[in-house]
>>> print(open('work19.cif').read())   # mmCIF, C-alpha atoms
data_final
loop_
_atom_site.label_atom_id
_atom_site.label_comp_id
_atom_site.auth_asym_id
_atom_site.auth_seq_id
_atom_site.Cartn_x
_atom_site.Cartn_y
_atom_site.Cartn_z
CA VAL A 1410 166.95 106.87 97.96
CA TYR A 1411 164.86 106.91 94.80
CA THR A 1412 161.20 105.88 95.11
CA TYR A 1413 159.02 104.75 92.20
CA THR A 1414 155.85 102.75 91.62
CA ASN A 1415 155.89 99.71 89.37
CA PRO A 1416 153.05 98.92 86.91
CA VAL A 1417 151.08 96.88 89.48
CA GLY A 1418 151.09 99.71 92.01
CA LYS A 1419 153.87 98.46 94.29
CA ARG A 1420 156.20 101.05 95.81
CA CYS A 1421 159.85 100.22 95.14
CA TYR A 1422 163.12 101.80 96.28
CA ILE A 1423 166.66 102.25 94.95
CA TYR A 1424 169.40 103.05 97.49
CA ALA A 1425 172.86 104.60 96.94
CA ASN A 1426 175.63 106.18 99.03
CA THR A 1427 175.96 109.29 96.86
CA LEU A 1428 173.69 111.35 94.65
CA MET A 1429 175.81 110.59 91.58
CA GLU A 1430 175.56 106.86 92.24
CA LEU A 1431 171.80 107.21 92.70
CA ARG A 1432 171.43 109.01 89.34
CA GLU A 1433 173.36 106.20 87.64
CA LYS A 1434 171.04 103.63 89.17
CA GLU A 1435 168.00 105.64 88.02
CA ASP A 1436 169.36 105.64 84.46
CA GLU A 1437 170.00 101.90 84.71
CA LEU A 1438 166.40 101.36 85.85
CA LYS A 1439 165.09 103.28 82.84
CA ARG A 1440 167.27 101.22 80.49
CA ASP A 1441 166.03 98.02 82.13
CA GLN A 1442 162.45 99.12 81.62
CA LEU A 1443 163.08 99.80 77.95
CA ASP A 1444 164.93 96.50 77.62
CA GLY A 1445 161.90 94.83 79.16
CA ILE A 1446 159.72 96.20 76.38
CA ASP A 1447 162.27 95.00 73.81
CA SER A 1448 162.27 91.55 75.42
CA TYR A 1449 158.47 91.54 75.34
CA VAL A 1450 158.39 92.39 71.64
CA ALA A 1451 161.05 89.76 70.97
CA GLY A 1452 158.91 87.17 72.79
CA LYS A 1453 161.39 86.65 75.63
CA ALA A 1454 159.37 88.23 78.45
CA ASP A 1455 158.14 86.16 81.39
CA LEU A 1456 154.61 86.03 82.79
CA ASP A 1457 155.45 88.51 85.55
CA PHE A 1458 156.35 91.13 82.96
CA LEU A 1459 153.20 90.41 80.93
CA VAL A 1460 150.91 90.79 83.95
CA ASP A 1461 152.71 93.98 85.07
CA ARG A 1462 152.22 95.39 81.59
CA TYR A 1463 148.55 94.37 81.52
CA MET A 1464 147.75 95.76 84.98
CA ALA A 1465 149.35 99.09 84.03
CA THR A 1466 146.55 99.50 81.45
CA LYS A 1467 143.67 98.85 83.90
CA ASN A 1468 143.00 102.39 85.07
CA ASN A 1469 139.23 101.79 84.91
CA LEU A 1470 139.16 98.99 87.49
CA ALA A 1471 137.54 99.60 90.86
CA SER A 1472 140.22 100.05 93.50
CA SER A 1473 138.98 96.97 95.40
CA THR A 1474 139.14 94.81 92.27
CA TYR A 1475 142.58 96.13 91.37
CA ALA A 1476 143.93 95.42 94.86
CA ASN A 1477 142.44 91.92 94.83
CA TYR A 1478 143.93 91.10 91.41
CA CYS A 1479 147.41 92.28 92.45
CA TYR A 1480 147.31 90.36 95.70
CA THR A 1481 146.00 87.16 94.08
CA TYR A 1482 148.68 87.16 91.40
CA ASP A 1483 151.52 87.98 93.79
CA HIS A 1484 150.37 85.39 96.31
CA PHE A 1485 149.76 82.43 93.98
CA CYS A 1486 151.74 83.01 90.82
CA SER A 1487 154.58 85.50 90.98
CA ASP A 1488 157.34 83.47 92.66
CA GLY A 1489 157.14 80.30 90.56
CA PHE A 1490 154.84 80.11 87.54
CA GLY A 1491 155.32 83.82 86.90
CA LYS A 1492 158.94 83.25 85.88
CA ARG A 1493 157.93 81.12 82.88
CA LYS A 1494 158.41 82.62 79.41
CA VAL A 1495 155.11 83.72 77.87
CA THR A 1496 155.85 82.14 74.48
CA GLU A 1497 156.62 78.77 76.06
CA LEU A 1498 153.38 78.40 78.03
CA ARG A 1499 150.73 76.03 76.69
CA TYR A 1500 147.15 75.13 77.64
CA SER A 1501 148.29 72.03 79.52
CA ASP A 1502 150.82 74.08 81.50
CA VAL A 1503 148.11 76.43 82.75
CA LEU A 1504 145.69 73.56 83.50
CA ASN A 1505 148.34 71.66 85.47
CA PHE A 1506 149.26 74.84 87.35
CA TYR A 1507 145.62 75.43 88.34
CA LEU A 1508 145.28 71.79 89.40
CA SER A 1509 148.43 72.08 91.52
CA LEU A 1510 146.86 75.04 93.34
CA ILE A 1511 143.74 72.98 94.03
CA ASP A 1512 145.94 70.16 95.35
CA LYS A 1513 147.48 72.64 97.79
CA GLY A 1514 144.05 73.38 99.20
CA ILE A 1515 143.42 76.62 97.28
CA LYS A 1516 139.70 77.15 96.66
CA VAL A 1517 138.32 77.19 93.12
CA LYS A 1518 137.03 80.75 93.67
CA SER A 1519 140.60 81.93 94.32
CA VAL A 1520 141.79 80.16 91.16
CA GLU A 1521 138.98 81.90 89.26
CA SER A 1522 140.19 85.24 90.61
CA LEU A 1523 143.71 84.47 89.36
CA HIS A 1524 142.26 83.40 86.01
CA CYS A 1525 140.60 86.82 85.74
CA VAL A 1526 144.11 88.30 85.65
CA LEU A 1527 145.87 85.75 83.46
CA HIS A 1528 143.25 85.34 80.76
CA PRO A 1529 143.02 89.02 79.69
CA ALA A 1530 146.82 89.42 80.09
CA PHE A 1531 147.36 86.59 77.58
CA ASP A 1532 144.65 88.12 75.37
CA MET A 1533 146.73 91.29 75.27
CA ALA A 1534 149.79 89.26 74.23
CA VAL A 1535 147.72 87.72 71.40
CA ARG A 1536 146.64 91.17 70.20
CA ASP A 1537 150.28 92.32 70.38
CA ASP A 1538 151.27 89.35 68.16
CA ILE A 1539 153.54 87.94 70.88
CA ILE A 1540 151.65 84.62 70.89
CA ARG A 1541 149.12 83.11 68.48
CA LYS A 1542 146.67 81.55 70.93
CA ASN A 1543 145.62 82.27 74.48
CA PRO A 1544 146.75 79.25 76.57
CA THR A 1545 144.12 79.98 79.24
CA ASP A 1546 141.14 79.58 76.87
CA GLY A 1547 138.78 76.93 78.24
CA VAL A 1548 140.99 76.07 81.20
CA MET A 1549 138.48 76.95 83.94
CA ALA A 1550 135.73 74.92 82.25
CA GLU A 1551 138.05 71.91 82.03
CA LEU A 1552 139.17 72.39 85.63
CA LYS A 1553 135.59 72.38 86.91
CA LYS A 1554 134.81 69.38 84.72
CA ASN A 1555 137.78 67.50 86.21
CA LEU A 1556 136.60 68.38 89.71
CA GLY A 1557 133.05 67.30 88.93
CA MET A 1558 131.66 70.74 89.63
CA LYS A 1559 128.29 71.85 88.32
CA THR A 1560 127.88 75.40 87.14
CA GLY A 1561 124.11 75.52 87.57
CA VAL A 1562 122.12 78.64 88.31
CA ARG A 1563 121.89 80.16 91.76
CA HIS A 1564 118.44 79.31 93.10
CA ALA A 1565 116.21 81.82 94.81
CA LEU A 1566 114.25 81.23 98.00
CA THR A 1567 110.76 79.89 97.39
CA ILE A 1568 107.81 82.01 98.49
CA PRO A 1569 107.19 79.81 101.59
CA GLN A 1570 110.90 80.00 102.50
CA GLN A 1571 110.97 83.76 101.98
CA ARG A 1572 107.90 84.27 104.17
CA ALA A 1573 109.19 81.90 106.86
CA PHE A 1574 112.55 83.73 107.01
CA MET A 1575 111.01 87.19 107.34
CA GLU A 1576 108.24 86.16 109.78
CA TYR A 1577 110.77 84.42 112.00
CA ILE A 1578 112.94 87.56 112.15
CA ALA A 1579 109.98 89.90 112.73
CA THR A 1580 108.76 87.95 115.77
CA HIS A 1581 112.08 86.88 117.26
CA PRO A 1582 113.16 88.64 120.51
CA ILE A 1583 116.84 88.73 119.47
CA TYR A 1584 116.87 88.90 115.67
CA PHE A 1585 114.02 91.40 115.15
CA HIS A 1586 116.46 94.30 114.64
CA TRP A 1587 117.59 92.65 111.38
CA TRP A 1588 114.09 92.97 109.88
CA PRO A 1589 114.57 96.41 108.25
CA ILE A 1590 117.77 95.59 106.34
CA PHE A 1591 116.49 92.23 105.05
CA THR A 1592 113.25 93.95 104.03
CA VAL A 1593 115.33 96.37 101.94
CA PHE A 1594 117.27 93.46 100.38
CA LEU A 1595 114.09 91.60 99.43
CA GLY A 1596 112.23 94.77 98.41
CA THR A 1597 114.87 96.34 96.15
CA GLY A 1598 117.06 93.53 94.78
CA CYS A 1599 120.17 95.64 95.45
CA ARG A 1600 123.64 94.18 95.75
CA ILE A 1601 124.98 94.01 99.29
CA GLY A 1602 127.46 96.87 98.74
CA GLU A 1603 124.66 99.04 97.35
CA VAL A 1604 122.46 98.44 100.40
CA LEU A 1605 125.20 98.96 103.00
CA GLY A 1606 126.32 102.14 101.24
CA LEU A 1607 122.87 103.77 101.21
CA ARG A 1608 122.70 107.26 102.70
CA TRP A 1609 119.61 109.13 103.81
CA GLU A 1610 120.09 111.57 100.93
CA ASP A 1611 119.74 108.66 98.48
CA ILE A 1612 116.14 108.09 99.64
CA ASP A 1613 113.42 110.32 98.20
CA TYR A 1614 110.16 109.82 100.11
CA GLU A 1615 108.28 112.36 98.00
CA LYS A 1616 109.02 110.65 94.69
CA ARG A 1617 109.15 107.22 96.37
CA ILE A 1618 112.46 106.27 94.75
CA ILE A 1619 115.86 105.04 95.93
CA SER A 1620 118.95 106.31 94.10
CA ILE A 1621 121.71 103.72 93.58
CA ASN A 1622 124.86 105.66 92.71
CA HIS A 1623 127.71 104.05 94.69
CA ASN A 1624 128.88 100.89 96.49
CA LEU A 1625 130.39 100.33 99.90
CA THR A 1626 133.40 98.04 99.54
CA TYR A 1627 135.52 96.43 102.23
CA TYR A 1628 138.84 95.03 101.08
CA PRO A 1629 142.48 94.61 102.19
CA VAL A 1630 144.99 97.30 101.21
CA GLY A 1631 148.68 97.95 101.77
CA GLU A 1632 151.46 95.57 102.63
CA ASP A 1633 149.84 94.50 105.91
CA ARG A 1634 146.62 93.60 104.03
CA ALA A 1635 144.44 95.39 106.59
CA SER A 1636 140.84 95.69 105.36
CA GLU A 1637 139.25 99.13 105.00
CA ASN A 1638 135.89 100.53 103.92
CA HIS A 1639 135.83 102.52 100.69
CA ILE A 1640 133.25 103.98 98.33
CA SER A 1641 133.26 102.95 94.68
CA THR A 1642 130.96 103.34 91.70
CA PRO A 1643 128.59 100.46 90.82
CA LYS A 1644 129.99 97.46 88.94
CA THR A 1645 128.77 98.82 85.59
CA GLU A 1646 127.11 101.94 84.19
CA ALA A 1647 123.84 100.00 84.30
CA GLY A 1648 124.32 99.89 88.06
CA MET A 1649 123.62 103.64 88.28
CA ARG A 1650 119.83 103.58 88.59
CA THR A 1651 116.75 104.48 90.61
CA ILE A 1652 114.44 101.91 92.18
CA PRO A 1653 110.78 102.55 93.10
CA MET A 1654 110.13 102.26 96.85
CA LEU A 1655 107.66 99.61 98.02
CA ASP A 1656 105.48 100.38 101.05
CA THR A 1657 107.24 97.76 103.20
CA VAL A 1658 110.64 99.19 102.22
CA LYS A 1659 109.43 102.68 103.16
CA ASP A 1660 108.28 101.29 106.53
CA ALA A 1661 111.74 99.75 107.04
CA PHE A 1662 113.50 103.06 106.36
CA GLU A 1663 111.15 104.93 108.68
CA MET A 1664 111.78 102.39 111.42
CA ILE A 1665 115.55 102.90 111.14
CA TRP A 1666 115.11 106.69 111.02
CA GLU A 1667 113.15 106.70 114.28
CA GLU A 1668 115.68 104.39 115.92
CA GLN A 1669 118.65 106.57 114.90
CA LYS A 1670 116.73 109.70 115.88
CA GLU A 1671 116.34 108.28 119.37
CA ASN A 1672 119.76 106.64 119.79
CA GLY A 1673 121.88 109.06 117.76
CA TRP A 1674 123.00 109.32 114.15
CA THR A 1675 126.08 107.51 112.95
CA ASP A 1676 129.09 109.81 112.54
CA ALA A 1677 130.90 107.38 110.23
CA GLU A 1678 132.64 109.05 107.28
CA ILE A 1679 133.97 107.03 104.34
CA ASP A 1680 135.76 108.73 101.46
CA GLY A 1681 133.95 111.99 102.28
CA MET A 1682 130.48 110.42 102.49
CA THR A 1683 128.34 110.56 105.66
CA GLY A 1684 124.76 109.92 106.74
CA PHE A 1685 124.68 106.15 106.19
CA VAL A 1686 121.39 104.36 106.77
CA PHE A 1687 122.63 101.04 108.12
CA CYS A 1688 125.02 100.89 111.06
CA ASN A 1689 125.81 98.43 113.84
CA ARG A 1690 125.33 98.91 117.57
CA TYR A 1691 128.71 100.66 117.80
CA GLY A 1692 127.66 103.31 115.29
CA ASN A 1693 129.91 101.94 112.54
CA VAL A 1694 128.82 101.09 109.01
CA MET A 1695 128.01 97.39 108.58
CA ASN A 1696 130.14 95.13 106.41
CA ALA A 1697 129.08 92.26 104.18
CA GLN A 1698 130.65 89.56 106.34
CA SER A 1699 128.56 90.50 109.38
CA VAL A 1700 125.35 90.44 107.33
CA ASN A 1701 126.09 87.01 105.85
CA ARG A 1702 127.08 85.65 109.27
CA ALA A 1703 123.74 86.89 110.63
CA ILE A 1704 121.89 85.06 107.84
CA LYS A 1705 123.62 81.82 108.79
CA ARG A 1706 122.83 82.27 112.49
CA ILE A 1707 119.20 83.11 111.83
CA SER A 1708 118.72 80.28 109.31
CA SER A 1709 120.28 77.74 111.66
CA ALA A 1710 118.11 78.85 114.58
CA TYR A 1711 114.97 78.88 112.41
CA ASN A 1712 115.60 75.38 110.98
CA ALA A 1713 116.15 73.92 114.43
CA THR A 1714 112.87 75.43 115.67
CA GLU A 1715 110.94 74.53 112.50
CA GLU A 1716 111.94 70.87 112.65
CA VAL A 1717 110.58 70.57 116.20
CA GLU A 1718 107.36 72.45 115.37
CA ALA A 1719 106.74 70.44 112.21
CA LYS A 1720 107.17 67.18 114.11
CA LYS A 1721 104.67 68.30 116.73
CA GLU A 1722 102.15 69.33 114.05
CA HIS A 1723 102.73 66.19 111.92
CA ARG A 1724 103.72 68.09 108.77
CA GLU A 1725 106.70 68.55 106.48
CA PRO A 1726 109.03 71.30 107.73
CA VAL A 1727 109.70 74.39 105.60
CA LEU A 1728 113.48 74.51 105.93
CA LEU A 1729 115.82 77.26 104.76
CA PRO A 1730 118.75 76.37 102.48
CA ASP A 1731 122.30 77.65 102.89
CA PHE A 1732 122.14 81.12 101.31
CA SER A 1733 123.75 84.56 101.38
CA ALA A 1734 122.68 88.18 100.98
CA HIS A 1735 123.19 87.85 97.24
CA SER A 1736 120.57 85.09 97.22
CA LEU A 1737 118.08 87.70 98.47
CA ARG A 1738 118.87 89.81 95.39
CA HIS A 1739 118.26 86.73 93.26
CA THR A 1740 115.03 86.07 95.17
CA PHE A 1741 113.74 89.60 94.49
CA CYS A 1742 114.58 89.27 90.81
CA THR A 1743 112.75 85.93 90.62
CA ARG A 1744 109.61 87.41 92.27
CA LEU A 1745 109.84 90.36 89.86
CA CYS A 1746 110.11 88.03 86.86
CA GLU A 1747 107.03 86.14 88.05
CA ARG A 1748 104.99 89.34 87.81
CA GLU A 1749 106.64 91.37 85.03
CA THR A 1750 107.09 90.29 81.39
CA ASN A 1751 109.03 93.32 80.12
CA LEU A 1752 112.66 92.21 80.30
CA LYS A 1753 114.00 95.75 79.84
CA ILE A 1754 112.18 96.93 82.96
CA ILE A 1755 113.59 94.00 84.94
CA GLN A 1756 117.08 94.68 83.57
CA SER A 1757 116.85 98.37 84.51
CA ILE A 1758 115.67 97.72 88.07
CA MET A 1759 118.30 95.03 88.68
CA GLY A 1760 121.12 97.03 87.09
CA HIS A 1761 122.17 94.16 84.82
CA LYS A 1762 124.68 95.20 82.16
CA ASP A 1763 123.95 92.12 80.05
CA ILE A 1764 120.33 91.30 79.14
CA GLN A 1765 121.37 87.61 79.06
CA THR A 1766 121.72 87.68 82.85
CA THR A 1767 118.14 88.94 83.11
CA MET A 1768 116.91 86.34 80.62
CA ASP A 1769 118.57 83.48 82.52
CA ILE A 1770 116.79 84.42 85.75
CA TYR A 1771 113.54 85.07 83.87
CA ALA A 1772 113.73 81.64 82.23
CA GLU A 1773 114.19 79.95 85.60
CA ALA A 1774 111.30 81.89 87.14
CA THR A 1775 108.90 81.12 84.28
CA GLU A 1776 109.90 77.44 84.39
CA GLU A 1777 108.66 77.28 87.98
CA LYS A 1778 105.38 78.94 86.96
CA LYS A 1779 104.61 76.40 84.22
CA GLN A 1780 102.80 73.94 86.48
CA GLU A 1781 100.74 76.70 88.08
CA THR A 1782 99.82 78.07 84.66
CA PHE A 1783 98.64 74.67 83.41
CA GLU A 1784 96.56 74.13 86.54
CA HIS A 1785 94.70 77.38 85.80
CA LEU A 1786 94.52 76.40 82.10
CA ALA A 1787 92.98 73.00 82.91
CA ALA A 1788 90.15 74.70 84.77
CA THR A 1789 89.23 77.02 81.91
CA MET A 1790 90.19 75.27 78.67
CA ASP A 1791 88.48 72.30 76.99
CA VAL A 1792 90.68 70.31 74.65
CA PHE A 1793 87.77 68.35 73.08
#
>>> encode(input="work19.cif", output="structure tokens")
Amino acid sequence: VYTYTNPVGKRCYIYANTLMELREKEDELKRDQLDGIDSYVAGKADLDFLVDRYMATKNNLASSTYANYCYTYDHFCSDGFGKRKVTELRYSDVLNFYLSLIDKGIKVKSVESLHCVLHPAFDMAVRDDIIRKNPTDGVMAELKKNLGMKTGVRHALTIPQQRAFMEYIATHPIYFHWWPIFTVFLGTGCRIGEVLGLRWEDIDYEKRIISINHNLTYYPVGEDRASENHISTPKTEAGMRTIPMLDTVKDAFEMIWEEQKENGWTDAEIDGMTGFVFCNRYGNVMNAQSVNRAIKRISSAYNATEEVEAKKEHREPVLLPDFSAHSLRHTFCTRLCERETNLKIIQSIMGHKDIQTTMDIYAEATEEKKQETFEHLAATMDVF
């Protein structure tokens, strides 16, 4: 048996009855690989070959992203659409293919993940002069337009909603143990993988800073698609940063420290790293799904209680929207934008690679402050 790994990381095997026969099959494989390159240059390669060739160049991708891209392509595209010749594919072909996936019940987010593979793969073919235009250009925008989807900004919690959420947790007999982690989310603006991956050595009480230097990721690997925890670097170089520690965040860390000191430290080890701050009742590191499920449970319980209380007190209820842990990052950034005008400081704290991301959130935050600003202005400024 001869074992090799193809460009998308799949392990493949060649079998033979004798060593001589095996060597002949190895030579045939090498010729086929070279012929594949010749076919690519001649414009006769199919989409499968193009994507294999593209993925072989992506050594800088996070392992979780790489695994997700390979799985998404193999699952949705490889058997059928992947056999089409690259030079024969047009914009309408790609659009109709995406629409057919939607018709089968595939979610738009999954189609977007597939698009993240196809679009740069076709871009590579354009740069290699195999095709003139990228047939995936503008397809996702047209798809969302056809489906009547709005691409608006992700809204943050309002100040009353934020306070209601945290006060409800702090005083609840069941949910109170979630207070420290949600305090860290709302007090740092970190991504969920950055929070769950925090170790005690990343927290400097003397300098009052938190070092963000890695992510905790949880994604399926291998042929059985079993999910595992792994450590990866932040999404971008801008993600490597330090964040000043607010007093409430320091209190949250100290609360967890005392709890672990009394109940025992977690012995979880992931890719050589130990000493994680956040763990569940079984001593294992938390995962993103459990945190987001907790948010939904807490929000649902709060809204049910708030509606009853508001009716008794003859007032409008302060209800929580459907939101996730990432919304808490967005909420922190919005509060920061309401108090800080230096966009570079905001960008550095949030770890945004692109200043446009910071500006978009800043613009939304300042829009909400317009009315408040004019109310103060009306009290101090005479027009006549």
>>> residues_near_point(input="work19.cif", point="(137.5, 107.0, 101.9)", cutoff="6 Å", atoms="only C-alpha atoms", output="count of residues only")
3
>>> closest_atom_pairs(input="work19.cif", of="stretch 1640-1730 of chain A", to="stretch 1454-1472 of chain A", cutoff="10 Å", atoms="only C-alpha atoms", output="JSON lines")
{"residue": "A:Ile1640", "atom": "CA", "partner": "A:Ser1472", "partner_atom": "CA", "distance": 9.3}
{"residue": "A:Ser1641", "atom": "CA", "partner": "A:Ala1471", "partner_atom": "CA", "distance": 6.6}
{"residue": "A:Thr1642", "atom": "CA", "partner": "A:Ala1471", "partner_atom": "CA", "distance": 7.6}
{"residue": "A:Pro1643", "atom": "CA", "partner": "A:Ala1471", "partner_atom": "CA", "distance": 9.0}
{"residue": "A:Lys1644", "atom": "CA", "partner": "A:Ala1471", "partner_atom": "CA", "distance": 8.1}
>>> resolve_selection(input="work19.cif", expression="the PyMOL selection byres ((chain A and resi 1507-1516) around 10)", output="list in words")
Phe1485, Cys1486, Ser1501, Asp1502, Val1503, Leu1504, Asn1505, Phe1506, Val1517, Lys1518, Ser1519, Val1520, Glu1521, Leu1523, His1524, Val1548, Met1549, Leu1552, Asn1555 and Leu1556 of chain A
>>> residues_around(input="work19.cif", residues="A:His1739", least_positions_apart="5", cutoff="10 Å", atoms="only C-alpha atoms", output="JSON, numbers by chain")
{"A": [1563, 1564, 1565, 1566, 1594, 1595, 1598, 1599, 1600, 1734, 1744, 1745, 1759, 1770]}
>>> write_last_selection(input="work19.cif", atoms="C-alpha atoms", output="PDB file, in the frame of the given file")
ATOM      1  CA  ARG A1563     121.890  80.160  91.760  1.00  0.00           C
ATOM      2  CA  HIS A1564     118.440  79.310  93.100  1.00  0.00           C
ATOM      3  CA  ALA A1565     116.210  81.820  94.810  1.00  0.00           C
ATOM      4  CA  LEU A1566     114.250  81.230  98.000  1.00  0.00           C
ATOM      5  CA  PHE A1594     117.270  93.460 100.380  1.00  0.00           C
ATOM      6  CA  LEU A1595     114.090  91.600  99.430  1.00  0.00           C
ATOM      7  CA  GLY A1598     117.060  93.530  94.780  1.00  0.00           C
ATOM      8  CA  CYS A1599     120.170  95.640  95.450  1.00  0.00           C
ATOM      9  CA  ARG A1600     123.640  94.180  95.750  1.00  0.00           C
ATOM     10  CA  ALA A1734     122.680  88.180 100.980  1.00  0.00           C
ATOM     11  CA  ARG A1744     109.610  87.410  92.270  1.00  0.00           C
ATOM     12  CA  LEU A1745     109.840  90.360  89.860  1.00  0.00           C
ATOM     13  CA  MET A1759     118.300  95.030  88.680  1.00  0.00           C
ATOM     14  CA  ILE A1770     116.790  84.420  85.750  1.00  0.00           C
TER      15      ILE A1770
END
>>> residues_around(input="work19.cif", residues="A:Ala1677", least_positions_apart="4", cutoff="8 Å", atoms="only C-alpha atoms", output="list in words")
Thr1683, Gly1684, Phe1685, Gly1692, Asn1693 and Val1694 of chain A
>>> residues_around(input="work19.cif", residues="A:Met1768", least_positions_apart="2", cutoff="12 Å", atoms="only C-alpha atoms", output="compact mmCIF listing (two decimals) with C-alpha atoms, in the frame of the given file")
# COMPACT_ATOMS: atom_id res chain seq x y z
CA CYS A 1742 114.58 89.27 90.81
CA THR A 1743 112.75 85.93 90.62
CA CYS A 1746 110.11 88.03 86.86
CA THR A 1750 107.09 90.29 81.39
CA ASN A 1751 109.03 93.32 80.12
CA LEU A 1752 112.66 92.21 80.30
CA LYS A 1753 114.00 95.75 79.84
CA ILE A 1754 112.18 96.93 82.96
CA ILE A 1755 113.59 94.00 84.94
CA GLN A 1756 117.08 94.68 83.57
CA MET A 1759 118.30 95.03 88.68
CA HIS A 1761 122.17 94.16 84.82
CA LYS A 1762 124.68 95.20 82.16
CA ASP A 1763 123.95 92.12 80.05
CA ILE A 1764 120.33 91.30 79.14
CA GLN A 1765 121.37 87.61 79.06
CA THR A 1766 121.72 87.68 82.85
CA ILE A 1770 116.79 84.42 85.75
CA TYR A 1771 113.54 85.07 83.87
CA ALA A 1772 113.73 81.64 82.23
CA GLU A 1773 114.19 79.95 85.60
CA ALA A 1774 111.30 81.89 87.14
CA THR A 1775 108.90 81.12 84.28
CA GLU A 1776 109.90 77.44 84.39
